[in-house]
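**Student:** Quick one: the structure is below, questions incoming.
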Amino acid sequence: MELSGGEILVECLKSEGVDTVFGYPGGAVLHIYDALFQQEEVQHVLVRHEQGAVHMADGFARATGKPGVVLVTSGPGATNAVTGIATAHMDSIPLVVFTGQVHSALIGNDAFQEVDNVGITRPCVKHNFMVKDVSEMAETIKKAFYVATTGRPGPVVVDIPKDVTDPKVKIPFEYPEKVAMRSYQPTEKGHSGQIRKAVDLIVNAERPMIYTGGGVVLGRAGDELTHFTQKLGYPITQTLMGLGAYPSSDKQHLGMLGMHGTYEANMGMHHCDVLIAIGARFDDRVTGDLSKFCPHAKIVHVDIDPSSISKNVVVDVPIVGAVKSVLTEMIELVNQAGGAKKTKALEAWWDQIEQWRGMKCLDYKWSDEIIKPQYVVQKLWEVTKGDAFVTSDVGQHQMWAAQYYGFNKPHRWINSGGLGTMGFGLPAALGAKWAHPDEEVACITGEGSIQMCSQELSTALQYNLPVKIVSLNNGYLGMVRQWQEFFYSGRYAMSYMESLPDFVKLAESYGHVGMRIEKPSDVEGALKEAFAMKDRLVFMDFQTDPEENVYPMVPAGAGLNEMILV
Amino acid sequence: MRHIISILMENEAGALSRVAGLFSARGYNIESLCVAPTHDESLSRLTLVTSGDEQVIEQIVKQLNKLIDVVKVQDMADTAHIERELMLVKLQAFDAVREEVYRLADIFRGQIIDVTESSYTVQLVGPGNKLDAFIDALGSIPVVEIVRSGALGISRGPRGMLVPEV
């Protein structure tokens, strides 16, 4: 079979089992679009801005575990995609992003819509390629999917000059069955000696703490983690990225840790004697002041990425490997050891934890007059039975979503944790809904974030993606305002949003349903009404308390035991 | 502490910028960097000199290994090794100074590779600290320019850097 570069690209996507490409056409990718147009297996979702395309593919990837695929044109198409690529990179999300490039003969000539895509994306991808000749196309795409989805996943950019997809140049096509790269061979299986050493430490712990992150979700190791944790009976805390891998409603779960984590999780971290870190990377929002971090603990760290280990915190037992494989081995050794040994000490530890839990750090003041944002999230949980896919943007609403929507399943909580990208929520929700048309998908957002990608409301109509937008509208860039209140003596520089659009009309103008909710007593009814409209995108504009802050809080530079409670 | 790190990379376009970009993005310092092809034309070998405490060097090695095009990384400090660097020094040399430069070059086993009425150019090979010592020994002799290749390192003994099998 003789095919052109554009046709080869499409055939490669089929071979990889890709059913959807999120993208936006332009001059440099017209040959590829022409090839896509002439077949039906691979669908294309036309976005309204390339950033939206990448976030959509990202939401799709997070909701399914499959790689997301993006196609954008050269120059501004590619630069618009960069924020999305960097977002995926920080959270280790597998994406393959095809960027168009000007004709090979024009590269370096400052040609129309030319930019050095490989250079611009280099620091925010797992790897990138330029296809210099159509004969390299199939192998490069094979490598791109392999690199994106194996080891610690991440986005891979494939830059394709226009002449490489010239329909007049056809070559024999065969998709390589396997790929082998001598320079890239990720470690899956952990070192058995290290695992034994770790388990010995773990079963003899007196004040243990399990701390897990996004690696458990990405590594599809939720079941193993749950089994491991329940077998030991130890307390567990999950990072923002890890939520859902272990059921939040379980008694052993202490909630999220870190800057806006629970009192019991952070105190547990500070006082533990053995810390079991799994698929987490000791991010600064989690550790607080490193010099005060877990001062009494021996630390076991399981991660697939060797460079995550001992990067911020030097650990005692490093284990490089896939969390699923390592946890499976650990469970067996824990069983052989007969589970946790220090039962007396553990009882005392749990007593202490229950005391901390008794502080009820997530309680907030109720109001009959003004809607409390936390209450909206709690009601959303009830109305969706805690089973929705929930995406968020970035800021206060993101933290409230993480704190008050108790995720019990992995892949359901979708947010930009690492890069903190405002504008992520709506397109990510559309990607999740595309992947799971029969599931409820909610986007928790704010009036600031939603305006960074609101153009995708148009995409939602075109492809009938009836997500539910829960906007916690407090008129402020809330997290900025909170920091200004705490640390800048209440000088609210540029954090107040004037001239907001009428979001009800905005939603309606895009052909959707808009609601404005002003009273606490209307919250539940509005949510029920919205979720009853199965086929409609509903934009719920909740007028929430402008002065509400996210508590508890570890101020930047403090230790985890130095929290501000309400 | 100063470390010489040897890197075997796939001989692809942009390989050097991946390494240089990594160092600038993560704030590691590069004292010198040297790149050239090897006997295996699919590979290029980079040698870089950096400094940092143990934890920083460990991260540098890990981050280098994480680059997809990097085939092999070796911190030369972990093994018995030989370090060599080439330096060319152009000096103003009049009258009595000519004799002094000639003698110094001899002491340091250097060669004079270019001569004019007013200048000498000395070529010197050795570990970095020997080259530094030569510069110190020049004292008040006026230097016109110095060009150094950056350090190269190779392990002692019969074994070379192993390329992993596919």
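Following the order of the structure tokens, chains are lettered A, B, ..., residues in each are numbered from 1, and ligands are numbered from 1.
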Restrict the distance test to only C-alpha atoms, flag each residue of chain B within 10 Å of chain A, and return the flagged residues as a PyMOL selection string.

**Tutor:** chain B and resi 8-10+12-14+17-18+21-22+25+55-56+58-72+163-166

**Student:** For Ile141 in chain B, please output as a PyMOL selection string all residues within 8 Å (counting only C-alpha atoms; exclusion window: fewer than 3 positions along the same chain).

**Tutor:** chain B and resi 91-93+97+138

**Student:** Now that the selection is made, can you save its residues with N, CA and C atoms as a PDB file, in the first residue's frame?

**Tutor:**
ATOM      1  N   LEU B  91      50.663  35.084  23.711  1.00  0.00           N
ATOM      2  CA  LEU B  91      51.298  36.000  24.659  1.00  0.00           C
ATOM      3  C   LEU B  91      52.068  37.080  23.908  1.00  0.00           C
ATOM      4  N   GLN B  92      52.105  38.274  24.481  1.00  0.00           N
ATOM      5  CA  GLN B  92      53.036  39.287  23.966  1.00  0.00           C
ATOM      6  C   GLN B  92      54.429  38.865  24.404  1.00  0.00           C
ATOM      7  N   ALA B  93      55.332  38.775  23.481  1.00  0.00           N
ATOM      8  CA  ALA B  93      56.668  38.298  23.871  1.00  0.00           C
ATOM      9  C   ALA B  93      57.743  39.136  23.188  1.00  0.00           C
ATOM     10  N   VAL B  97      61.378  38.514  27.692  1.00  0.00           N
ATOM     11  CA  VAL B  97      60.170  37.723  27.933  1.00  0.00           C
ATOM     12  C   VAL B  97      60.141  36.488  27.029  1.00  0.00           C
ATOM     13  N   LEU B 138      52.620  32.513  34.433  1.00  0.00           N
ATOM     14  CA  LEU B 138      52.955  33.567  33.470  1.00  0.00           C
ATOM     15  C   LEU B 138      53.219  34.896  34.160  1.00  0.00           C
TER      16      LEU B 138
END

**Student:** Please list as a count of residues only every residue within 9 Å of range 435-450 of chain A, counting only C-alpha atoms and excluding residues in the same chain fewer than 3 positions away.

**Tutor:** 55

**Student:** Set the distance at 9 Å and use only C-alpha atoms: which residues neighbour range 219-235 of chain A once local chain neighbours fewer than 3 positions away are removed? I'd like the list as a JSON list (two decimals) with N, CA and C atoms, in the first residue's frame.

**Tutor:**
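Final output, selection01.json:
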[["chain", "number", "residue", "atom", "x", "y", "z"],
["A", 65, "GLY", "N", -7.19, 7.23, 30.74],
["A", 65, "GLY", "CA", -5.90, 6.57, 30.84],
["A", 65, "GLY", "C", -5.27, 6.34, 29.47],
["A", 152, "ARG", "N", 7.26, 7.21, 33.15],
["A", 152, "ARG", "CA", 6.46, 8.33, 33.66],
["A", 152, "ARG", "C", 5.88, 9.01, 32.43],
["A", 202, "ILE", "N", 8.21, -0.85, 57.06],
["A", 202, "ILE", "CA", 6.78, -0.53, 57.06],
["A", 202, "ILE", "C", 6.03, -1.33, 58.13],
["A", 203, "VAL", "N", 6.25, -2.63, 58.19],
["A", 203, "VAL", "CA", 5.45, -3.43, 59.13],
["A", 203, "VAL", "C", 5.85, -3.17, 60.59],
["A", 207, "ARG", "N", 4.26, 4.83, 64.05],
["A", 207, "ARG", "CA", 3.41, 5.97, 63.68],
["A", 207, "ARG", "C", 3.51, 6.15, 62.15],
["A", 208, "PRO", "N", 2.95, 5.20, 61.41],
["A", 208, "PRO", "CA", 3.13, 5.21, 59.95],
["A", 208, "PRO", "C", 2.21, 6.22, 59.26],
["A", 209, "MET", "N", 2.61, 6.60, 58.08],
["A", 209, "MET", "CA", 1.75, 7.46, 57.26],
["A", 209, "MET", "C", 1.98, 7.07, 55.80],
["A", 210, "ILE", "N", 0.90, 6.82, 55.09],
["A", 210, "ILE", "CA", 1.00, 6.54, 53.66],
["A", 210, "ILE", "C", 0.64, 7.82, 52.92],
["A", 211, "TYR", "N", 1.51, 8.24, 52.04],
["A", 211, "TYR", "CA", 1.33, 9.50, 51.31],
["A", 211, "TYR", "C", 1.43, 9.20, 49.82],
["A", 212, "THR", "N", 0.33, 9.39, 49.10],
["A", 212, "THR", "CA", 0.31, 8.95, 47.70],
["A", 212, "THR", "C", -0.06, 10.09, 46.75],
["A", 214, "GLY", "N", -0.30, 11.41, 42.24],
["A", 214, "GLY", "CA", -0.86, 11.16, 40.92],
["A", 214, "GLY", "C", -0.30, 9.92, 40.26],
["A", 215, "GLY", "N", 0.88, 9.49, 40.66],
["A", 215, "GLY", "CA", 1.49, 8.29, 40.08],
["A", 215, "GLY", "C", 0.63, 7.05, 40.27],
["A", 216, "VAL", "N", -0.15, 7.02, 41.36],
["A", 216, "VAL", "CA", -1.01, 5.85, 41.60],
["A", 216, "VAL", "C", -2.16, 5.84, 40.59],
["A", 244, "GLY", "N", -8.77, 10.09, 44.90],
["A", 244, "GLY", "CA", -9.63, 9.12, 44.23],
["A", 244, "GLY", "C", -9.00, 7.75, 44.09],
["A", 245, "ALA", "N", -7.68, 7.69, 44.10],
["A", 245, "ALA", "CA", -7.02, 6.38, 43.97],
["A", 245, "ALA", "C", -7.40, 5.51, 45.16],
["A", 246, "TYR", "N", -7.45, 6.13, 46.34],
["A", 246, "TYR", "CA", -7.96, 5.46, 47.53],
["A", 246, "TYR", "C", -9.29, 6.14, 47.87],
["A", 247, "PRO", "N", -10.33, 5.37, 48.23],
["A", 247, "PRO", "CA", -11.63, 6.01, 48.45],
["A", 247, "PRO", "C", -11.61, 7.02, 49.59],
["A", 251, "LYS", "N", -12.53, 5.34, 56.33],
["A", 251, "LYS", "CA", -12.08, 5.83, 57.64],
["A", 251, "LYS", "C", -10.56, 6.05, 57.69],
["A", 252, "GLN", "N", -9.81, 5.22, 56.99],
["A", 252, "GLN", "CA", -8.35, 5.36, 57.05],
["A", 252, "GLN", "C", -7.83, 6.57, 56.28],
["A", 253, "HIS", "N", -8.70, 7.14, 55.47],
["A", 253, "HIS", "CA", -8.27, 8.29, 54.66],
["A", 253, "HIS", "C", -8.37, 9.57, 55.46],
["A", 254, "LEU", "N", -7.26, 10.31, 55.54],
["A", 254, "LEU", "CA", -7.25, 11.54, 56.34],
["A", 254, "LEU", "C", -7.46, 12.77, 55.49],
["A", 265, "ALA", "N", -4.16, 15.25, 58.37],
["A", 265, "ALA", "CA", -3.18, 14.74, 57.40],
["A", 265, "ALA", "C", -1.82, 15.40, 57.63],
["A", 268, "GLY", "N", -0.32, 14.38, 60.92],
["A", 268, "GLY", "CA", 0.13, 13.00, 60.77],
["A", 268, "GLY", "C", 1.47, 12.92, 60.05],
["A", 278, "ILE", "N", 4.24, 7.06, 47.78],
["A", 278, "ILE", "CA", 4.01, 6.23, 46.61],
["A", 278, "ILE", "C", 3.50, 7.08, 45.45],
["A", 279, "GLY", "N", 4.29, 7.16, 44.40],
["A", 279, "GLY", "CA", 3.86, 7.90, 43.22],
["A", 279, "GLY", "C", 3.58, 9.36, 43.50],
["A", 322, "ALA", "N", 7.37, 0.80, 38.65],
["A", 322, "ALA", "CA", 5.96, 1.13, 38.48],
["A", 322, "ALA", "C", 5.23, 0.83, 39.79],
["A", 323, "VAL", "N", 4.39, 1.75, 40.24],
["A", 323, "VAL", "CA", 3.76, 1.57, 41.56],
["A", 323, "VAL", "C", 2.92, 0.29, 41.61],
["A", 324, "LYS", "N", 2.29, -0.05, 40.51],
["A", 324, "LYS", "CA", 1.44, -1.25, 40.51],
["A", 324, "LYS", "C", 2.28, -2.50, 40.79],
["A", 325, "SER", "N", 3.40, -2.59, 40.08],
["A", 325, "SER", "CA", 4.27, -3.76, 40.25],
["A", 325, "SER", "C", 4.89, -3.78, 41.66],
["A", 327, "LEU", "N", 3.79, -2.28, 44.43],
["A", 327, "LEU", "CA", 2.77, -2.52, 45.46],
["A", 327, "LEU", "C", 2.36, -3.99, 45.51],
["A", 328, "THR", "N", 2.27, -4.60, 44.33],
["A", 328, "THR", "CA", 1.91, -6.02, 44.29],
["A", 328, "THR", "C", 2.93, -6.86, 45.07],
["A", 330, "MET", "N", 4.92, -5.70, 47.39],
["A", 330, "MET", "CA", 4.88, -5.30, 48.80],
["A", 330, "MET", "C", 3.74, -6.00, 49.54],
["A", 331, "ILE", "N", 2.59, -6.10, 48.86],
["A", 331, "ILE", "CA", 1.43, -6.73, 49.49],
["A", 331, "ILE", "C", 1.77, -8.17, 49.88],
["A", 334, "VAL", "N", 4.03, -8.11, 52.86],
["A", 334, "VAL", "CA", 3.29, -7.71, 54.07],
["A", 334, "VAL", "C", 2.47, -8.90, 54.57],
["A", 335, "ASN", "N", 1.86, -9.61, 53.64],
["A", 335, "ASN", "CA", 1.10, -10.80, 54.02],
["A", 335, "ASN", "C", 1.99, -11.85, 54.68],
["A", 339, "GLY", "N", 1.27, -8.83, 58.38],
["A", 339, "GLY", "CA", 0.71, -7.47, 58.54],
["A", 339, "GLY", "C", 1.52, -6.64, 59.51],
["A", 340, "ALA", "N", 0.89, -5.59, 59.99],
["A", 340, "ALA", "CA", 1.58, -4.64, 60.89],
["A", 340, "ALA", "C", 1.88, -5.30, 62.22],
["A", 346, "LEU", "N", 0.25, 1.37, 67.34],
["A", 346, "LEU", "CA", -0.67, 1.83, 66.30],
["A", 346, "LEU", "C", -2.00, 2.31, 66.88],
["A", 350, "TRP", "N", -3.52, 5.96, 66.27],
["A", 350, "TRP", "CA", -4.87, 6.25, 65.78],
["A", 350, "TRP", "C", -5.65, 7.15, 66.75],
["A", 353, "ILE", "N", -4.53, 10.53, 66.06],
["A", 353, "ILE", "CA", -5.08, 11.01, 64.78],
["A", 353, "ILE", "C", -6.55, 11.41, 64.95],
["A", 409, "LYS", "N", -13.22, 7.20, 43.43],
["A", 409, "LYS", "CA", -12.67, 6.41, 42.32],
["A", 409, "LYS", "C", -11.58, 7.21, 41.63],
["A", 410, "PRO", "N", -10.57, 6.51, 41.11],
["A", 410, "PRO", "CA", -9.52, 7.23, 40.36],
["A", 410, "PRO", "C", -10.03, 7.73, 39.02]]

**Student:** Taking only range 76-227 of chain A into account, list the residues labelled helix (DSSP H, G or I) by DSSP (computed from the backbone), as a VMD selection string.

**Tutor:** chain A and resid 76 to 90 104 to 106 117 to 124 134 to 149 162 to 165 192 to 203 214 to 218 222 to 227

**Student:** What is the distance, in Å and to one decimal place, between CA of Arg84 in chain B and CA of Asn11 in chain B?

**Tutor:**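 Interatomic distance here is 23.4 Å.
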
**Student:** What's the 7 Å shell around range 71-84 of chain A, counting only C-alpha atoms, without same-chain residues fewer than 3 positions away, as a PyMOL selection string?

**Tutor:** chain A and resi 21-29+50-51+54-55+87-88+97-102+113-115+117+121

**Student:** May I have the residues from that selection written out with N, CA, C and O atoms, as a short mmCIF file (atom, residue, chain, number, x, y, z; two decimals), in the first residue's frame?

**Tutor:**
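Done, and the output landed in result_23.cif:
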data_model
loop_
_atom_site.label_atom_id
_atom_site.label_comp_id
_atom_site.auth_asym_id
_atom_site.auth_seq_id
_atom_site.Cartn_x
_atom_site.Cartn_y
_atom_site.Cartn_z
N VAL A 21 -9.16 12.97 17.41
CA VAL A 21 -8.11 13.98 17.40
C VAL A 21 -8.77 15.32 17.72
O VAL A 21 -9.82 15.64 17.17
N PHE A 22 -8.17 16.06 18.66
CA PHE A 22 -8.67 17.39 18.98
C PHE A 22 -7.76 18.39 18.27
O PHE A 22 -6.53 18.32 18.41
N GLY A 23 -8.34 19.30 17.49
CA GLY A 23 -7.44 20.17 16.75
C GLY A 23 -8.08 21.35 16.08
O GLY A 23 -9.27 21.66 16.29
N TYR A 24 -7.25 21.99 15.27
CA TYR A 24 -7.64 23.22 14.59
C TYR A 24 -6.79 23.32 13.33
O TYR A 24 -5.57 23.24 13.41
N PRO A 25 -7.42 23.49 12.16
CA PRO A 25 -6.64 23.44 10.93
C PRO A 25 -5.89 24.73 10.63
O PRO A 25 -6.14 25.76 11.25
N GLY A 26 -5.00 24.67 9.67
CA GLY A 26 -4.23 25.83 9.23
C GLY A 26 -3.36 25.39 8.07
O GLY A 26 -3.27 24.19 7.75
N GLY A 27 -2.70 26.37 7.44
CA GLY A 27 -1.97 26.12 6.21
C GLY A 27 -1.05 24.92 6.24
O GLY A 27 -1.08 24.07 5.33
N ALA A 28 -0.24 24.80 7.28
CA ALA A 28 0.81 23.77 7.29
C ALA A 28 0.27 22.36 7.48
O ALA A 28 0.98 21.39 7.24
N VAL A 29 -0.99 22.24 7.92
CA VAL A 29 -1.53 20.90 8.17
C VAL A 29 -2.69 20.56 7.23
O VAL A 29 -3.43 19.61 7.47
N GLU A 50 -6.44 26.72 20.15
CA GLU A 50 -5.58 25.53 20.27
C GLU A 50 -5.31 25.13 21.73
O GLU A 50 -5.10 23.97 22.03
N GLN A 51 -5.30 26.12 22.63
CA GLN A 51 -5.12 25.76 24.05
C GLN A 51 -6.24 24.82 24.48
O GLN A 51 -6.01 23.85 25.21
N VAL A 54 -5.65 21.17 23.39
CA VAL A 54 -4.72 20.39 24.21
C VAL A 54 -5.37 20.03 25.56
O VAL A 54 -5.27 18.89 26.02
N HIS A 55 -6.07 20.99 26.17
CA HIS A 55 -6.74 20.68 27.44
C HIS A 55 -7.82 19.61 27.25
O HIS A 55 -8.04 18.78 28.12
N THR A 87 0.97 22.17 30.72
CA THR A 87 0.03 21.69 31.75
C THR A 87 0.11 20.17 31.85
O THR A 87 0.22 19.60 32.94
N ALA A 88 0.07 19.52 30.69
CA ALA A 88 0.13 18.05 30.66
C ALA A 88 1.49 17.56 31.16
O ALA A 88 1.59 16.55 31.86
N VAL A 97 1.11 15.35 20.41
CA VAL A 97 0.68 16.61 19.80
C VAL A 97 1.38 16.77 18.46
O VAL A 97 2.62 16.87 18.41
N PHE A 98 0.60 16.76 17.39
CA PHE A 98 1.17 16.98 16.06
C PHE A 98 1.10 18.47 15.74
O PHE A 98 0.02 19.06 15.79
N THR A 99 2.24 19.05 15.46
CA THR A 99 2.25 20.47 15.08
C THR A 99 2.70 20.56 13.63
O THR A 99 3.65 19.88 13.21
N GLY A 100 2.02 21.40 12.87
CA GLY A 100 2.46 21.64 11.50
C GLY A 100 3.72 22.49 11.51
O GLY A 100 4.01 23.19 12.48
N GLN A 101 4.46 22.39 10.44
CA GLN A 101 5.66 23.22 10.30
C GLN A 101 5.71 23.68 8.85
O GLN A 101 5.13 23.04 7.96
N VAL A 102 6.39 24.80 8.62
CA VAL A 102 6.49 25.29 7.24
C VAL A 102 7.29 24.29 6.40
O VAL A 102 7.94 23.38 6.92
N GLN A 113 4.02 32.13 9.35
CA GLN A 113 3.61 31.18 10.39
C GLN A 113 4.71 30.18 10.73
O GLN A 113 4.44 29.02 11.01
N GLU A 114 5.94 30.65 10.73
CA GLU A 114 7.02 29.77 11.16
C GLU A 114 7.43 30.10 12.59
O GLU A 114 7.58 31.27 12.96
N VAL A 115 7.59 29.07 13.39
CA VAL A 115 8.21 29.22 14.70
C VAL A 115 8.93 27.91 14.98
O VAL A 115 8.56 26.87 14.43
N ASN A 117 9.09 25.10 16.65
CA ASN A 117 8.25 24.32 17.58
C ASN A 117 9.05 23.40 18.46
O ASN A 117 8.77 23.24 19.64
N THR A 121 8.97 24.03 22.49
CA THR A 121 8.34 23.04 23.37
C THR A 121 9.35 22.18 24.14
O THR A 121 8.95 21.46 25.05
#

**Student:** One decimal, in Å: what's the spacing between CA of Gln43 in chain A and CA of Val125 in chain A?

**Tutor:**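 So the answer is 24.8 Å.
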
**Student:** Using DSSP on the backbone coordinates, identify the residues of range 240-349 of chain A assigned to strand (DSSP E); present them as a ChimeraX atom specification.

**Tutor:** /A:253-256,274-278,298-303,317-320

**Student:** Hey, can you spit out that residue selection with N, CA and C atoms as an mmCIF file, in the first residue's frame?

**Tutor:**
data_model
loop_
_atom_site.group_PDB
_atom_site.id
_atom_site.type_symbol
_atom_site.label_atom_id
_atom_site.label_comp_id
_atom_site.auth_asym_id
_atom_site.auth_seq_id
_atom_site.Cartn_x
_atom_site.Cartn_y
_atom_site.Cartn_z
ATOM 1 N N HIS A 253 -8.702 7.143 55.470
ATOM 2 C CA HIS A 253 -8.274 8.288 54.659
ATOM 3 C C HIS A 253 -8.373 9.573 55.465
ATOM 4 N N LEU A 254 -7.265 10.306 55.538
ATOM 5 C CA LEU A 254 -7.246 11.536 56.336
ATOM 6 C C LEU A 254 -7.460 12.774 55.491
ATOM 7 N N GLY A 255 -7.770 12.593 54.221
ATOM 8 C CA GLY A 255 -7.965 13.749 53.344
ATOM 9 C C GLY A 255 -6.678 14.125 52.644
ATOM 10 N N MET A 256 -6.762 15.260 51.984
ATOM 11 C CA MET A 256 -5.596 15.753 51.235
ATOM 12 C C MET A 256 -4.594 16.347 52.227
ATOM 13 N N VAL A 274 7.391 6.547 60.137
ATOM 14 C CA VAL A 274 7.708 5.955 58.829
ATOM 15 C C VAL A 274 6.746 6.557 57.795
ATOM 16 N N LEU A 275 7.327 7.174 56.801
ATOM 17 C CA LEU A 275 6.520 7.765 55.735
ATOM 18 C C LEU A 275 6.646 6.889 54.493
ATOM 19 N N ILE A 276 5.499 6.472 53.971
ATOM 20 C CA ILE A 276 5.504 5.598 52.802
ATOM 21 C C ILE A 276 4.969 6.416 51.622
ATOM 22 N N ALA A 277 5.882 6.940 50.819
ATOM 23 C CA ALA A 277 5.502 7.822 49.705
ATOM 24 C C ALA A 277 5.394 6.994 48.440
ATOM 25 N N ILE A 278 4.243 7.061 47.785
ATOM 26 C CA ILE A 278 4.014 6.225 46.609
ATOM 27 C C ILE A 278 3.503 7.080 45.454
ATOM 28 N N LYS A 298 11.537 7.992 58.931
ATOM 29 C CA LYS A 298 12.278 7.267 57.901
ATOM 30 C C LYS A 298 11.361 7.267 56.678
ATOM 31 N N ILE A 299 11.928 7.475 55.512
ATOM 32 C CA ILE A 299 11.068 7.636 54.336
ATOM 33 C C ILE A 299 11.330 6.557 53.286
ATOM 34 N N VAL A 300 10.240 5.903 52.883
ATOM 35 C CA VAL A 300 10.276 4.977 51.749
ATOM 36 C C VAL A 300 9.656 5.726 50.576
ATOM 37 N N HIS A 301 10.268 5.679 49.419
ATOM 38 C CA HIS A 301 9.697 6.386 48.269
ATOM 39 C C HIS A 301 9.675 5.476 47.044
ATOM 40 N N VAL A 302 8.466 5.218 46.540
ATOM 41 C CA VAL A 302 8.304 4.414 45.328
ATOM 42 C C VAL A 302 7.927 5.358 44.189
ATOM 43 N N ASP A 303 8.701 5.356 43.125
ATOM 44 C CA ASP A 303 8.355 6.197 41.971
ATOM 45 C C ASP A 303 8.983 5.608 40.718
ATOM 46 N N VAL A 317 14.736 4.766 51.850
ATOM 47 C CA VAL A 317 14.629 3.570 51.006
ATOM 48 C C VAL A 317 13.996 3.955 49.668
ATOM 49 N N PRO A 318 14.828 4.270 48.680
ATOM 50 C CA PRO A 318 14.279 4.584 47.355
ATOM 51 C C PRO A 318 13.963 3.311 46.581
ATOM 52 N N ILE A 319 12.827 3.311 45.895
ATOM 53 C CA ILE A 319 12.490 2.173 45.029
ATOM 54 C C ILE A 319 12.028 2.726 43.684
ATOM 55 N N VAL A 320 12.804 2.437 42.643
ATOM 56 C CA VAL A 320 12.412 2.874 41.305
ATOM 57 C C VAL A 320 11.606 1.759 40.648
#

**Student:** What does the structure give for the distance between CA of Phe542 in chain A and CA of Met515 in chain A, in Å to one decimal?

**Tutor:**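 CA of Met515 in chain A lies at a distance of 8.2 Å from CA of Phe542 in chain A.
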
**Student:** List the spatial neighbours of Pro142 in chain B as a list in words - criterion: any atom at most 12 Å away, only C-alpha atoms, same-chain residues fewer than 4 positions off excluded.

**Tutor:**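 Near Pro142 in chain B, the qualifying residues are Val89, Lys90, Leu91, Gln92, Ala93, Phe94, Val97, Arg98, Val101, Ser118, Ser119, Tyr120, Ile135, Asp136, Ala137, Leu138 and Ile146 of chain B.
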
**Student:** Grab the residues selected above and save them as a compact mmCIF listing (two decimals), in the first residue's frame with N, CA and C atoms.

**Tutor:**
# COMPACT_ATOMS: atom_id res chain seq x y z
N VAL B 89 47.49 29.55 24.18
CA VAL B 89 47.68 30.85 24.83
C VAL B 89 48.54 31.73 23.94
N LYS B 90 48.02 32.88 23.57
CA LYS B 90 48.81 33.83 22.78
C LYS B 90 49.33 34.90 23.72
N LEU B 91 50.66 35.08 23.71
CA LEU B 91 51.30 36.00 24.66
C LEU B 91 52.07 37.08 23.91
N GLN B 92 52.11 38.27 24.48
CA GLN B 92 53.04 39.29 23.97
C GLN B 92 54.43 38.87 24.40
N ALA B 93 55.33 38.78 23.48
CA ALA B 93 56.67 38.30 23.87
C ALA B 93 57.74 39.14 23.19
N PHE B 94 58.35 40.04 23.96
CA PHE B 94 59.47 40.85 23.49
C PHE B 94 60.71 40.51 24.31
N VAL B 97 61.38 38.51 27.69
CA VAL B 97 60.17 37.72 27.93
C VAL B 97 60.14 36.49 27.03
N ARG B 98 60.71 36.63 25.84
CA ARG B 98 60.69 35.50 24.90
C ARG B 98 61.38 34.29 25.50
N VAL B 101 59.08 32.82 28.34
CA VAL B 101 57.95 32.05 27.82
C VAL B 101 58.43 30.69 27.32
N SER B 118 56.57 39.78 17.84
CA SER B 118 56.10 40.30 19.13
C SER B 118 55.27 39.31 19.92
N SER B 119 55.10 38.08 19.42
CA SER B 119 54.22 37.15 20.16
C SER B 119 54.68 35.70 20.03
N TYR B 120 54.23 34.93 21.01
CA TYR B 120 54.33 33.46 20.98
C TYR B 120 52.94 32.90 21.22
N ILE B 135 48.89 29.36 33.64
CA ILE B 135 48.43 30.76 33.55
C ILE B 135 48.97 31.55 34.74
N ASP B 136 48.91 30.95 35.94
CA ASP B 136 49.45 31.62 37.13
C ASP B 136 50.94 31.91 36.96
N ALA B 137 51.64 30.90 36.40
CA ALA B 137 53.11 31.03 36.29
C ALA B 137 53.52 32.13 35.31
N LEU B 138 52.62 32.51 34.43
CA LEU B 138 52.96 33.57 33.47
C LEU B 138 53.22 34.90 34.16
N ILE B 146 43.35 33.61 25.40
CA ILE B 146 43.44 32.21 25.82
C ILE B 146 42.22 31.48 25.26

**Student:** Taking only C-alpha atoms into account, name the residue in A:Met540, A:Leu333, A:Arg281, A:Val134 that is nearest to Val315 in chain A.

**Tutor:** A:Arg281

**Student:** Which residue is closest to Gly153 in chain B? Choose from B:Ile57, B:Ile82, B:Ala36, B:Ala20 and count only C-alpha atoms.

**Tutor:**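 For Gly153 in chain B, the nearest of the given residues is B:Ile82.
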